[in-house]
Structure formats: structure tokens, C-alpha cells
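Undergrad: This is the content of target-v1.txt (compact mmCIF, C-alpha atoms):
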```
# COMPACT_ATOMS: atom_id res chain seq x y z
CA MET A 129 5.41 18.74 -1.81
CA LYS A 130 7.09 21.37 -4.05
CA LYS A 131 7.74 25.05 -3.59
CA ASP A 132 5.28 27.43 -5.22
CA GLY A 133 5.89 27.59 -8.96
CA GLU A 134 8.36 24.68 -8.99
CA ALA A 135 7.41 21.91 -11.41
CA LEU A 136 6.91 18.35 -10.22
CA ARG A 137 9.67 16.24 -11.76
CA VAL A 138 8.20 13.00 -13.17
CA ALA A 139 9.84 9.96 -14.73
CA CYS A 140 8.12 6.93 -16.24
CA LEU A 141 9.25 3.30 -16.15
CA GLY A 142 7.96 1.48 -19.21
CA ALA A 143 7.34 2.51 -22.82
CA GLY A 144 5.03 -0.22 -24.09
CA TYR A 145 1.56 -0.14 -25.65
CA PHE A 146 -0.38 1.44 -22.79
CA ALA A 147 2.45 3.67 -21.53
CA ARG A 148 1.84 6.09 -24.39
CA PHE A 149 -1.35 7.25 -22.68
CA HIS A 150 0.69 8.06 -19.58
CA TYR A 151 3.29 10.08 -21.50
CA GLU A 152 0.57 12.01 -23.33
CA ALA A 153 -1.18 12.81 -20.03
CA TRP A 154 1.96 13.95 -18.22
CA GLN A 155 3.08 16.02 -21.19
CA GLY A 156 -0.12 18.05 -21.12
CA LEU A 157 0.15 19.21 -17.49
CA GLN A 158 1.49 22.68 -16.71
CA ARG A 159 2.83 21.97 -13.23
CA VAL A 160 4.76 18.89 -14.31
CA ARG A 161 8.11 18.36 -16.01
CA LEU A 162 8.69 14.92 -17.54
CA VAL A 163 12.39 14.24 -16.99
CA GLY A 164 12.85 10.63 -18.02
CA ALA A 165 11.54 7.57 -19.86
CA CYS A 166 12.97 4.14 -19.10
CA ASP A 167 12.48 0.84 -20.93
CA ARG A 168 14.62 -2.27 -21.47
CA ASP A 169 14.22 -1.46 -25.17
CA LEU A 170 16.09 1.84 -25.38
CA GLU A 171 14.57 2.65 -28.77
CA LYS A 172 11.09 2.53 -27.27
CA ALA A 173 12.20 4.91 -24.54
CA ARG A 174 13.75 7.26 -27.11
CA ALA A 175 10.55 7.18 -29.16
CA THR A 176 8.73 8.99 -26.33
CA GLY A 177 10.78 12.11 -27.05
CA PHE A 178 11.96 12.45 -23.45
CA PRO A 179 15.39 11.74 -21.93
CA ALA A 180 15.76 7.99 -22.49
CA PHE A 181 17.26 5.30 -20.25
CA ASP A 182 17.39 1.52 -20.32
CA GLU A 183 18.18 1.09 -16.61
CA LEU A 184 15.93 2.36 -13.83
CA LYS A 185 18.74 3.02 -11.35
CA THR A 186 20.56 5.18 -13.87
CA MET A 187 17.42 7.19 -14.61
CA LEU A 188 16.70 7.73 -10.93
CA LYS A 189 20.24 8.99 -10.29
CA MET A 190 20.52 11.19 -13.38
CA ALA A 191 16.96 12.52 -13.80
CA ARG A 192 16.24 12.89 -10.04
CA PRO A 193 12.44 12.57 -10.33
CA ASP A 194 10.10 13.54 -7.50
CA LEU A 195 7.58 10.98 -8.76
CA LEU A 196 8.06 7.67 -10.56
CA ASP A 197 5.17 6.38 -12.68
CA ILE A 198 5.55 2.59 -13.06
CA VAL A 199 3.93 1.34 -16.28
CA THR A 200 5.43 -2.16 -16.50
CA PRO A 201 4.16 -5.73 -15.85
CA PRO A 202 3.36 -6.85 -12.27
CA GLN A 203 6.51 -8.95 -11.80
CA THR A 204 8.61 -5.77 -12.00
CA HIS A 205 6.66 -3.66 -9.51
CA LEU A 206 8.14 -4.54 -6.13
CA ALA A 207 11.76 -4.20 -7.24
CA ALA A 208 11.01 -0.89 -8.96
CA ILE A 209 9.24 0.47 -5.88
CA ARG A 210 12.11 -0.57 -3.63
CA MET A 211 14.72 0.97 -5.94
CA ALA A 212 12.75 4.22 -6.27
CA ILE A 213 12.44 4.59 -2.52
CA ASP A 214 16.14 3.83 -2.03
CA ASN A 215 16.98 6.57 -4.55
CA GLY A 216 14.97 9.37 -2.99
CA VAL A 217 11.72 9.40 -4.97
CA LYS A 218 9.00 11.23 -3.01
CA ALA A 219 5.88 9.68 -4.59
CA LEU A 220 4.92 6.63 -6.68
CA ILE A 221 2.19 5.61 -9.09
CA CYS A 222 2.02 1.94 -10.09
CA GLN A 223 -0.09 0.38 -12.83
CA LYS A 224 -2.49 -2.48 -12.19
CA PRO A 225 -2.42 -5.44 -11.76
CA PHE A 226 -0.51 -4.26 -8.67
CA CYS A 227 2.55 -6.47 -8.00
CA ASN A 228 2.83 -10.18 -8.69
CA SER A 229 0.99 -11.40 -5.58
CA ILE A 230 -0.83 -10.06 -2.56
CA GLU A 231 2.27 -10.79 -0.49
CA GLU A 232 4.39 -8.60 -2.76
CA ALA A 233 1.70 -5.91 -2.75
CA ARG A 234 1.68 -5.87 1.06
CA GLU A 235 5.46 -5.57 1.10
CA ALA A 236 5.33 -2.67 -1.35
CA VAL A 237 2.77 -0.91 0.84
CA GLN A 238 4.93 -1.42 3.92
CA LEU A 239 8.02 -0.05 2.15
CA ALA A 240 6.20 3.08 1.02
CA GLU A 241 4.58 3.68 4.39
CA ALA A 242 7.87 3.21 6.24
CA ALA A 243 9.43 5.82 3.96
CA GLY A 244 6.44 8.17 4.28
CA ILE A 245 5.91 8.10 0.51
CA PRO A 246 2.47 8.17 -1.19
CA LEU A 247 1.92 5.08 -3.35
CA VAL A 248 -1.11 5.20 -5.66
CA VAL A 249 -2.27 2.31 -7.85
CA HIS A 250 -3.13 3.41 -11.38
CA GLU A 251 -6.63 1.93 -11.38
CA ASN A 252 -8.22 4.45 -13.70
CA PHE A 253 -11.72 3.19 -14.54
CA ARG A 254 -13.30 4.94 -11.54
CA PHE A 255 -11.94 8.15 -13.15
CA GLN A 256 -13.85 7.61 -16.37
CA PRO A 257 -16.35 10.49 -16.75
CA TRP A 258 -19.38 8.21 -16.98
CA TYR A 259 -18.67 6.58 -13.61
CA ARG A 260 -18.09 10.00 -12.06
CA ALA A 261 -21.50 11.06 -13.47
CA ILE A 262 -23.15 7.88 -12.15
CA ARG A 263 -21.61 8.40 -8.71
CA GLN A 264 -22.92 11.98 -8.63
CA ALA A 265 -26.39 10.75 -9.61
CA LEU A 266 -26.29 8.20 -6.79
CA ASP A 267 -25.14 10.84 -4.31
CA ASP A 268 -28.08 13.00 -5.45
CA LYS A 269 -30.47 10.05 -4.92
CA LEU A 270 -31.76 10.27 -8.51
CA VAL A 271 -32.56 6.54 -8.57
CA GLY A 272 -33.79 6.36 -4.97
CA ASP A 273 -32.60 3.32 -3.04
CA LEU A 274 -30.01 1.50 -5.16
CA LEU A 275 -30.90 -2.17 -5.71
CA GLN A 276 -28.65 -3.41 -8.51
CA VAL A 277 -25.69 -2.45 -10.70
CA THR A 278 -25.02 -4.54 -13.81
CA PHE A 279 -22.10 -4.24 -16.21
CA ARG A 280 -21.92 -6.30 -19.42
CA LEU A 281 -18.33 -6.47 -20.72
CA ARG A 282 -18.38 -7.00 -24.49
CA THR A 283 -14.96 -6.10 -25.90
CA GLY A 284 -15.33 -8.06 -29.15
CA ASP A 285 -11.60 -8.75 -29.44
CA GLY A 286 -11.35 -12.34 -28.21
CA GLN A 287 -12.38 -14.52 -31.16
CA GLY A 288 -10.15 -16.81 -33.19
CA PRO A 289 -6.43 -17.65 -33.24
CA GLU A 290 -5.42 -14.00 -33.73
CA ALA A 291 -7.21 -12.77 -30.60
CA TYR A 292 -5.34 -9.89 -28.88
CA LEU A 293 -2.23 -10.27 -31.07
CA ASP A 294 -2.56 -6.87 -32.74
CA ARG A 295 -2.50 -4.89 -29.48
CA GLN A 296 -1.63 -6.90 -26.35
CA PRO A 297 -0.42 -10.37 -27.46
CA TYR A 298 0.60 -11.38 -23.94
CA PHE A 299 -3.14 -11.69 -23.18
CA GLN A 300 -3.02 -15.09 -24.92
CA ARG A 301 -0.46 -16.40 -22.43
CA MET A 302 -1.95 -15.04 -19.19
CA PRO A 303 -3.14 -17.91 -16.93
CA ARG A 304 -5.75 -15.54 -15.48
CA LEU A 305 -7.25 -13.08 -17.97
CA LEU A 306 -10.87 -12.02 -17.60
CA ILE A 307 -10.78 -11.14 -13.90
CA HIS A 308 -7.09 -10.49 -13.21
CA GLU A 309 -6.48 -8.26 -16.23
CA THR A 310 -9.91 -6.81 -17.06
CA GLY A 311 -12.61 -7.56 -14.50
CA VAL A 312 -10.43 -6.08 -11.75
CA HIS A 313 -11.47 -2.67 -13.10
CA TRP A 314 -15.05 -3.40 -12.04
CA ILE A 315 -14.03 -4.82 -8.68
CA ASP A 316 -12.75 -1.33 -7.97
CA THR A 317 -15.58 0.46 -9.80
CA PHE A 318 -18.25 -1.45 -7.87
CA ARG A 319 -16.43 -0.52 -4.64
CA TYR A 320 -16.40 3.12 -5.80
CA LEU A 321 -20.13 3.11 -6.54
CA LEU A 322 -21.51 0.84 -3.79
CA GLY A 323 -18.82 0.39 -1.14
CA GLU A 324 -17.36 -2.83 0.21
CA PRO A 325 -19.19 -6.12 -0.50
CA ASP A 326 -19.67 -8.68 2.25
CA ALA A 327 -19.73 -11.72 -0.07
CA VAL A 328 -18.73 -12.58 -3.65
CA TYR A 329 -19.45 -15.37 -6.12
CA ALA A 330 -17.87 -16.19 -9.50
CA ASP A 331 -18.50 -18.60 -12.37
CA LEU A 332 -15.75 -18.39 -15.02
CA ARG A 333 -14.96 -20.25 -18.26
CA LYS A 334 -12.65 -20.29 -21.28
CA LEU A 335 -14.30 -20.10 -24.71
CA ASN A 336 -11.34 -19.48 -27.03
CA PRO A 337 -9.07 -22.56 -26.94
CA VAL A 338 -5.97 -20.66 -28.12
CA ILE A 339 -5.61 -18.67 -24.90
CA ALA A 340 -4.40 -19.82 -21.49
CA GLY A 341 -6.85 -18.09 -19.15
CA GLU A 342 -10.55 -17.48 -18.79
CA ASP A 343 -12.29 -15.10 -21.23
CA ALA A 344 -15.93 -15.22 -20.08
CA GLY A 345 -17.94 -15.50 -16.90
CA TYR A 346 -19.82 -13.74 -14.14
CA PHE A 347 -19.18 -12.40 -10.70
CA ILE A 348 -21.65 -11.08 -8.16
CA PHE A 349 -21.13 -8.84 -5.15
CA ASP A 350 -23.54 -9.04 -2.19
CA TYR A 351 -24.09 -5.98 0.00
CA PRO A 352 -25.49 -5.91 3.54
CA ASN A 353 -28.48 -3.76 2.50
CA GLY A 354 -29.60 -6.34 -0.09
CA ALA A 355 -28.14 -4.58 -3.14
CA ARG A 356 -26.25 -6.60 -5.73
CA ALA A 357 -23.58 -5.83 -8.33
CA LEU A 358 -23.25 -8.13 -11.35
CA PHE A 359 -20.32 -8.28 -13.77
CA ASP A 360 -21.21 -10.25 -16.92
CA GLY A 361 -18.06 -10.54 -19.03
CA ASN A 362 -17.47 -12.07 -22.44
CA ARG A 363 -14.48 -10.94 -24.51
CA LEU A 364 -15.68 -12.78 -27.64
CA LEU A 365 -18.89 -10.75 -27.98
CA ASP A 366 -19.33 -7.05 -28.80
CA HIS A 367 -21.82 -4.30 -28.01
CA ALA A 368 -23.45 -1.48 -29.97
CA ALA A 369 -20.66 1.07 -30.26
CA GLU A 370 -18.51 2.61 -32.98
CA ASN A 371 -15.53 1.83 -30.73
CA CYS A 372 -15.98 -1.08 -28.34
CA ARG A 373 -12.98 0.15 -26.33
CA THR A 374 -14.63 3.40 -25.25
CA THR A 375 -16.60 1.86 -22.37
CA LEU A 376 -15.85 -1.86 -23.08
CA GLY A 377 -19.55 -2.58 -22.56
CA GLU A 378 -22.86 -1.32 -21.19
CA ALA A 379 -24.25 -0.79 -17.69
CA LEU A 380 -27.52 -0.42 -15.80
CA VAL A 381 -27.78 1.17 -12.35
CA GLU A 382 -31.24 0.43 -10.96
CA GLY A 383 -33.04 1.85 -7.96
CA THR A 384 -36.50 2.35 -6.54
CA LEU A 385 -37.00 5.70 -8.30
CA GLY A 386 -35.33 5.07 -11.64
CA THR A 387 -32.60 3.57 -13.78
CA LEU A 388 -29.31 4.95 -15.08
CA SER A 389 -28.02 3.47 -18.33
CA LEU A 390 -24.48 3.67 -19.69
CA ALA A 391 -24.19 3.19 -23.46
CA GLY A 392 -21.16 2.26 -25.51
CA ASP A 393 -20.63 5.86 -26.59
CA GLY A 394 -20.06 6.95 -22.97
CA SER A 395 -23.43 8.63 -22.55
CA VAL A 396 -25.40 8.28 -19.29
CA ARG A 397 -29.19 8.56 -19.24
CA LEU A 398 -31.77 8.58 -16.45
CA ARG A 399 -35.22 7.00 -16.84
CA SER A 400 -37.61 7.59 -13.95
CA PHE A 401 -39.53 4.64 -12.57
CA GLY A 402 -42.77 4.10 -14.55
CA SER A 403 -41.68 6.36 -17.40
CA THR A 404 -40.42 5.66 -20.93
CA GLU A 405 -38.68 9.02 -21.34
CA GLU A 406 -34.97 9.45 -20.67
CA LYS A 407 -32.95 12.46 -19.52
CA VAL A 408 -29.35 12.78 -20.68
CA LEU A 409 -27.02 13.28 -17.71
CA LEU A 410 -23.80 12.90 -19.70
CA ALA A 411 -23.82 13.32 -23.46
CA ALA A 412 -21.75 11.31 -25.89
CA ARG A 413 -18.75 13.07 -27.39
CA LYS A 414 -15.43 12.39 -29.08
CA TRP A 415 -13.60 11.41 -25.92
CA GLN A 416 -9.90 12.27 -25.84
CA GLY A 417 -7.38 9.62 -24.84
CA PHE A 418 -8.18 6.18 -23.48
CA GLY A 419 -11.53 5.52 -21.77
CA GLY A 420 -12.78 9.10 -21.60
CA ASP A 421 -9.26 10.35 -20.83
CA CYS A 422 -9.28 8.46 -17.53
CA VAL A 423 -5.48 8.15 -17.52
CA LYS A 424 -5.11 11.92 -17.51
CA ASN A 425 -7.96 12.27 -15.00
CA LEU A 426 -6.18 9.97 -12.54
CA ILE A 427 -2.81 11.64 -13.09
CA CYS A 428 -4.35 15.11 -12.55
CA HIS A 429 -5.93 13.78 -9.35
CA VAL A 430 -2.52 12.62 -8.08
CA VAL A 431 -0.87 15.95 -8.97
CA GLU A 432 -3.59 17.83 -7.09
CA GLY A 433 -3.11 15.51 -4.14
CA LEU A 434 0.64 16.04 -4.06
CA LEU A 435 0.75 19.77 -4.82
CA ASP A 436 -2.55 20.98 -3.34
CA GLY A 437 -3.07 18.52 -0.50
CA LYS A 438 -6.32 17.04 -1.81
CA PRO A 439 -7.23 13.54 -0.52
CA LEU A 440 -5.91 10.74 -2.72
CA GLU A 441 -8.02 7.88 -4.05
CA ASN A 442 -6.57 4.44 -4.87
CA GLU A 443 -3.79 4.56 -2.33
CA ALA A 444 -2.08 1.19 -2.29
CA ARG A 445 -3.10 0.31 1.28
CA ASP A 446 -6.76 0.55 0.30
CA TYR A 447 -6.13 -1.21 -3.02
CA LEU A 448 -5.11 -4.36 -1.16
CA LYS A 449 -8.87 -4.92 -0.76
CA VAL A 450 -9.21 -5.16 -4.56
CA ILE A 451 -6.52 -7.84 -4.71
CA ALA A 452 -8.12 -9.76 -1.85
CA ILE A 453 -11.50 -9.69 -3.59
CA GLU A 454 -9.93 -10.85 -6.86
CA ARG A 455 -8.40 -13.82 -5.03
CA ALA A 456 -11.78 -14.57 -3.48
CA LEU A 457 -13.42 -14.61 -6.91
CA TYR A 458 -10.98 -17.17 -8.27
CA ARG A 459 -11.46 -19.26 -5.15
CA SER A 460 -15.23 -19.02 -5.58
CA ASP A 461 -14.95 -20.28 -9.14
CA ARG A 462 -12.71 -23.19 -8.09
CA GLU A 463 -14.92 -24.23 -5.19
CA GLY A 464 -18.32 -23.34 -6.66
CA MET A 465 -19.40 -21.40 -3.59
CA LYS A 466 -19.98 -17.89 -2.26
CA ILE A 467 -16.95 -16.47 -0.44
CA ARG A 468 -16.78 -14.23 2.61
CA GLY A 469 -13.71 -13.06 4.54
CA PHE A 470 -11.60 -11.64 1.71
CA GLU A 471 -8.46 -10.91 3.72
CA SER A 472 -7.79 -14.65 4.04
CA ALA A 473 -8.90 -15.54 0.52
```
Do you think you could lay out the structure here as C-alpha cells?
TA:
Amino acid sequence: MKKDGEALRVACLGAGYFARFHYEAWQGLQRVRLVGACDRDLEKARATGFPAFDELKTMLKMARPDLLDIVTPPQTHLAAIRMAIDNGVKALICQKPFCNSIEEAREAVQLAEAAGIPLVVHENFRFQPWYRAIRQALDDKLVGDLLQVTFRLRTGDGQGPEAYLDRQPYFQRMPRLLIHETGVHWIDTFRYLLGEPDAVYADLRKLNPVIAGEDAGYFIFDYPNGARALFDGNRLLDHAAENCRTTLGEALVEGTLGTLSLAGDGSVRLRSFGSTEEKVLLAARKWQGFGGDCVKNLICHVVEGLLDGKPLENEARDYLKVIAIERALYRSDREGMKIRGFESA
């Protein structure tokens, strides 16, 4: 994409709570030059320490980025993608939830493909080191034939009238919370670990009356070989961890030859079938950045894809499957039935 030795010019749209992890990640890369930060609140953009703008079009024209990293709410995504393409950007990263609807997401994909521009959705949980370790263990058949994956989300931040206000207050107003904002990470992670499900089921509920959306519930993925994936989410409860935001919960990956366990400190252990002893596959440590530095891991992956030609994960065309499955889960909850045929959900 760039000549040898020439830095990739990157600009970011958005300077809110989570955007800081993006700026930190980009700033630490040698083959990248961060040339702009844009936010409606110019002071927030200035606080990043990079050239600041309060209008995207102005930033695109003045900073001339090769890549735009969109770190703003879903309702802004399609317009930002269209404007970036119209102003010569050569690659795009867009935060999840991706666009405001599946129709907008499809339009964004079509715009990028028509322009021949890579569009990657910033779905970073599959880039957390513990899920990379679990995937490697599955590839190495350490648990034999995989029968079930279970993740128990226990963020511990959803109780009482002050829930979410200290960090992401808009959570209280979201009409869809547990799945749309949080559980979507495990829709993609389950796809990463097990592939595409052929049926899904969901049972959702709201426990904290001060919020608009659901904050607890289950969803299950069925796979043709008989395997199952279970997401058990409850934002009011916690799990055994010094920082509940490291992994957001605990997981078991169970097969005919053994079980992998993910603890709240990010460690992954293997227990062989019939044994009580465990082998550490990934040790706990003081993880840098958010979620095991998964933001930086994804960004590095995109840079390697653009500059070195490595295959890209999470391209927007493929990510449409995540949105379709999310829609199917909400439909399943409404109708109280298992759903197949996600493209029409």
C-alpha cells in the first residue's frame, strides 16, 4: 500500500472514552504516523496531542490520511465511511457496533468494495491473547473433539441507579444493551473458535429498572457436529478477579480429551480428561492496555495486512454475519424459539 520506508498516515474520528486506547495503540507503532484527531468537541481532540479538528471533511482534506479509524457511535458510521471514500482514503477501520442497521452496514460494505478499499470492523475480542491461546489449543487438538464452549459474563458494573455512569453513561439509555453492545463480542468470538452456527436461541431480561435495555440473559449456538456454545451474561454480578474488566468473565472449553479454563486474570489452563492436575498454557500477567492489549493487537494486524499483504480478519463483508446473528438472537428472544436462516433475520 505504501512505498518501502514510508509511514502509513492515520487519522482517527472520535476522542471519547474508548478512543484513547486507539490513540495509544497507533502512537506506539513504528510504521505509522498519526496525522489527525477529530471530535465534535475540539478540546477532546486537542487533548490527544495530535493535530486536532472538529470537522471530518476538514481533517480529511488537510491531514490527507491513508487510513481513517472511526471510533464514534454507530449512527455516524455510514456518513463517515462515505465521506472518507469520497476524499481519497485508502483503508478504513470502524468500531463496533458496525453502523446503525444491517441495511446501513450492507451499504457501507458496497461503498468500500466499489472503491476497492479495505474496510475492517474493530471487533477486537478475538485478538485478546487468551482467545488466541485457546484457538491454538483447539488447532492442536489438546481437548480432542470439542463439545461445548461456555462463557459467563460477570462485569459487576450494572447494579443500582449509578450503573455505568462513571465510564459509559449512554449504556443506561441503550434500548438494546447486553447483546448489541457487549454480547456481540462473543458472537464473533464463538465464530472465531467454532465457526458458523446453524441455529441460535436467546432468553434475555432486564434486572436493573433504571436502564432501557436488557442486562442479563443467555444465548446458545448450535453447530452441525453437535457442539454447543453458551453465553451466560449478567452485568449485575461479578467474578473472581482483581479487575473484572480484564476478561469480563470466565470460560470453559470442553472436549473429549480435556478442558480449557479461562480465569479472570487472563490465564488459560488445560486439564486432561480424568485428571485433577492443570497445565498453564497462558500465564496471568499485568496486561497492557484494554483486554490484554487487544486494541493494539487488532491495529497491528491491520497494519501488517495493508503493508505486508497478510490476510485480514474482520473484514466488513464477513462481519455482516455477526449483525445477522445478533438480529436473530433478538428475534429468538421475542418469539421464544430457535432461529435458523440468519440472513433474513
Undergrad: Pick out the residues sitting within 12 Å of range 441-445 of chain A, and hand them over as a ChimeraX atom specification; count only C-alpha atoms, and ignore anything fewer than 6 positions along from it in its own chain.
TA: /A:209,219-227,230,232-241,245-255,313,316-317,319-320,425-434,451-452
Undergrad: Could you pull the residues within 12 Å of Pro289 in chain A, counting all atoms listed in the file, minus those fewer than 2 positions along the same chain, as an mmCIF file with C-alpha atoms, keeping the file's coordinate frame?
TA:
```
data_model
loop_
_atom_site.group_PDB
_atom_site.id
_atom_site.type_symbol
_atom_site.label_atom_id
_atom_site.label_comp_id
_atom_site.auth_asym_id
_atom_site.auth_seq_id
_atom_site.Cartn_x
_atom_site.Cartn_y
_atom_site.Cartn_z
ATOM 1 C CA ASP A 285 -11.600 -8.750 -29.440
ATOM 2 C CA GLY A 286 -11.350 -12.340 -28.210
ATOM 3 C CA GLN A 287 -12.380 -14.520 -31.160
ATOM 4 C CA ALA A 291 -7.210 -12.770 -30.600
ATOM 5 C CA TYR A 292 -5.340 -9.890 -28.880
ATOM 6 C CA LEU A 293 -2.230 -10.270 -31.070
ATOM 7 C CA ASP A 294 -2.560 -6.870 -32.740
ATOM 8 C CA PRO A 297 -0.420 -10.370 -27.460
ATOM 9 C CA GLN A 300 -3.020 -15.090 -24.920
ATOM 10 C CA LEU A 335 -14.300 -20.100 -24.710
ATOM 11 C CA ASN A 336 -11.340 -19.480 -27.030
ATOM 12 C CA PRO A 337 -9.070 -22.560 -26.940
ATOM 13 C CA VAL A 338 -5.970 -20.660 -28.120
ATOM 14 C CA ILE A 339 -5.610 -18.670 -24.900
ATOM 15 C CA LEU A 364 -15.680 -12.780 -27.640
#
```
Undergrad: From the set A:Val277, A:Ala243, A:Leu332, A:Leu435, which residue has the shortest atom-to-atom contact distance to Arg137 in chain A, counting only C-alpha atoms?
TA: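 Distance minimum relative to Arg137 in chain A lands on A:Leu435.
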Undergrad: Tell me which of A:Met187, A:Cys166, A:Leu281, A:Met465 sits closest to Gly392 in chain A, counting only C-alpha atoms.
TA: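 Ranked by minimum distance to Gly392 in chain A, first place goes to A:Leu281.
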Undergrad: Skipping near chain neighbours, those fewer than 5 positions away, what residues fall within 9 Å of range 370-372 of chain A using only C-alpha atoms, listed as JSON, numbers by chain?
TA: {"A": [282, 283, 284, 285, 377, 392, 393]}
Undergrad: Considering only C-alpha atoms, can you say which of A:Asp421, A:Asp197, A:Asp214, A:Asp182 comes closest to Pro257 in chain A?
TA: A:Asp421
Undergrad: One decimal, in Å: what's the spacing between CA of Val199 in chain A and CA of Ala340 in chain A?
TA: 23.3 Å
Undergrad: Here is a test: counting all atoms listed in the file, which residue of A:Gly386, A:Pro202, A:Gly464, A:Gly437 is nearest to Glu405 in chain A?
TA: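 When distances to Glu405 in chain A are compared using all atoms listed in the file, the smallest one comes from A:Gly386.
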Undergrad: Mind listing whatever residues come within 12 Å of the point (-29.9, 2.5, -19.0)? Use only C-alpha atoms, file coordinates, and give them as a compact mmCIF listing (two decimals) with C-alpha atoms, in the coordinates of the input.
TA:
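Result file follows (result.txt):
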```
# COMPACT_ATOMS: atom_id res chain seq x y z
CA ILE A 262 -23.15 7.88 -12.15
CA VAL A 271 -32.56 6.54 -8.57
CA VAL A 277 -25.69 -2.45 -10.70
CA THR A 278 -25.02 -4.54 -13.81
CA PHE A 279 -22.10 -4.24 -16.21
CA ARG A 280 -21.92 -6.30 -19.42
CA GLU A 378 -22.86 -1.32 -21.19
CA ALA A 379 -24.25 -0.79 -17.69
CA LEU A 380 -27.52 -0.42 -15.80
CA VAL A 381 -27.78 1.17 -12.35
CA GLU A 382 -31.24 0.43 -10.96
CA GLY A 383 -33.04 1.85 -7.96
CA GLY A 386 -35.33 5.07 -11.64
CA THR A 387 -32.60 3.57 -13.78
CA LEU A 388 -29.31 4.95 -15.08
CA SER A 389 -28.02 3.47 -18.33
CA LEU A 390 -24.48 3.67 -19.69
CA ALA A 391 -24.19 3.19 -23.46
CA GLY A 392 -21.16 2.26 -25.51
CA GLY A 394 -20.06 6.95 -22.97
CA SER A 395 -23.43 8.63 -22.55
CA VAL A 396 -25.40 8.28 -19.29
CA ARG A 397 -29.19 8.56 -19.24
CA LEU A 398 -31.77 8.58 -16.45
CA ARG A 399 -35.22 7.00 -16.84
CA SER A 400 -37.61 7.59 -13.95
CA PHE A 401 -39.53 4.64 -12.57
CA THR A 404 -40.42 5.66 -20.93
CA GLU A 405 -38.68 9.02 -21.34
CA GLU A 406 -34.97 9.45 -20.67
CA LYS A 407 -32.95 12.46 -19.52
CA VAL A 408 -29.35 12.78 -20.68
CA LEU A 409 -27.02 13.28 -17.71
```
Undergrad: Output range 191-197 of chain A from the block with all heavy atoms, as a PDB file, in the first residue's frame?
TA:
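The result, stored in selection-v1.pdb:
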```
ATOM      1  N   ALA A 191      -5.212  16.744   6.548  1.00  0.00           N
ATOM      2  CA  ALA A 191      -4.265  15.745   7.057  1.00  0.00           C
ATOM      3  C   ALA A 191      -3.922  14.671   6.028  1.00  0.00           C
ATOM      4  O   ALA A 191      -2.903  14.004   6.130  1.00  0.00           O
ATOM      5  CB  ALA A 191      -4.839  15.087   8.313  1.00  0.00           C
ATOM      6  N   ARG A 192      -4.801  14.469   5.047  1.00  0.00           N
ATOM      7  CA  ARG A 192      -4.598  13.520   3.949  1.00  0.00           C
ATOM      8  C   ARG A 192      -4.207  12.109   4.458  1.00  0.00           C
ATOM      9  O   ARG A 192      -3.179  11.572   4.085  1.00  0.00           O
ATOM     10  CB  ARG A 192      -3.547  14.028   2.964  1.00  0.00           C
ATOM     11  CG  ARG A 192      -3.939  15.304   2.262  1.00  0.00           C
ATOM     12  CD  ARG A 192      -2.844  15.826   1.343  1.00  0.00           C
ATOM     13  NE  ARG A 192      -1.684  16.273   2.112  1.00  0.00           N
ATOM     14  CZ  ARG A 192      -0.550  15.600   2.198  1.00  0.00           C
ATOM     15  NH1 ARG A 192      -0.392  14.442   1.579  1.00  0.00           N
ATOM     16  NH2 ARG A 192       0.450  16.079   2.918  1.00  0.00           N
ATOM     17  N   PRO A 193      -5.037  11.525   5.326  1.00  0.00           N
ATOM     18  CA  PRO A 193      -4.693  10.196   5.845  1.00  0.00           C
ATOM     19  C   PRO A 193      -4.846   9.096   4.791  1.00  0.00           C
ATOM     20  O   PRO A 193      -5.693   9.186   3.897  1.00  0.00           O
ATOM     21  CB  PRO A 193      -5.706   9.993   6.972  1.00  0.00           C
ATOM     22  CG  PRO A 193      -6.893  10.794   6.541  1.00  0.00           C
ATOM     23  CD  PRO A 193      -6.319  12.014   5.866  1.00  0.00           C
ATOM     24  N   ASP A 194      -4.004   8.071   4.904  1.00  0.00           N
ATOM     25  CA  ASP A 194      -4.194   6.853   4.114  1.00  0.00           C
ATOM     26  C   ASP A 194      -5.307   6.002   4.715  1.00  0.00           C
ATOM     27  O   ASP A 194      -6.048   5.335   3.997  1.00  0.00           O
ATOM     28  CB  ASP A 194      -2.903   6.028   4.085  1.00  0.00           C
ATOM     29  CG  ASP A 194      -1.728   6.784   3.516  1.00  0.00           C
ATOM     30  OD1 ASP A 194      -1.849   7.289   2.389  1.00  0.00           O
ATOM     31  OD2 ASP A 194      -0.684   6.871   4.195  1.00  0.00           O
ATOM     32  N   LEU A 195      -5.393   6.027   6.046  1.00  0.00           N
ATOM     33  CA  LEU A 195      -6.355   5.194   6.776  1.00  0.00           C
ATOM     34  C   LEU A 195      -7.117   6.053   7.759  1.00  0.00           C
ATOM     35  O   LEU A 195      -6.527   6.865   8.479  1.00  0.00           O
ATOM     36  CB  LEU A 195      -5.626   4.063   7.519  1.00  0.00           C
ATOM     37  CG  LEU A 195      -6.495   3.064   8.292  1.00  0.00           C
ATOM     38  CD1 LEU A 195      -5.849   1.679   8.295  1.00  0.00           C
ATOM     39  CD2 LEU A 195      -6.733   3.509   9.743  1.00  0.00           C
ATOM     40  N   LEU A 196      -8.439   5.875   7.800  1.00  0.00           N
ATOM     41  CA  LEU A 196      -9.271   6.523   8.807  1.00  0.00           C
ATOM     42  C   LEU A 196      -9.767   5.467   9.778  1.00  0.00           C
ATOM     43  O   LEU A 196     -10.352   4.454   9.369  1.00  0.00           O
ATOM     44  CB  LEU A 196     -10.469   7.229   8.164  1.00  0.00           C
ATOM     45  CG  LEU A 196     -11.424   7.915   9.155  1.00  0.00           C
ATOM     46  CD1 LEU A 196     -10.737   9.074   9.859  1.00  0.00           C
ATOM     47  CD2 LEU A 196     -12.700   8.380   8.459  1.00  0.00           C
ATOM     48  N   ASP A 197      -9.543   5.709  11.069  1.00  0.00           N
ATOM     49  CA  ASP A 197     -10.010   4.835  12.143  1.00  0.00           C
ATOM     50  C   ASP A 197     -11.218   5.510  12.783  1.00  0.00           C
ATOM     51  O   ASP A 197     -11.098   6.561  13.416  1.00  0.00           O
ATOM     52  CB  ASP A 197      -8.892   4.639  13.168  1.00  0.00           C
ATOM     53  CG  ASP A 197      -9.228   3.616  14.234  1.00  0.00           C
ATOM     54  OD1 ASP A 197     -10.283   2.960  14.123  1.00  0.00           O
ATOM     55  OD2 ASP A 197      -8.430   3.464  15.186  1.00  0.00           O
TER      56      ASP A 197
END
```
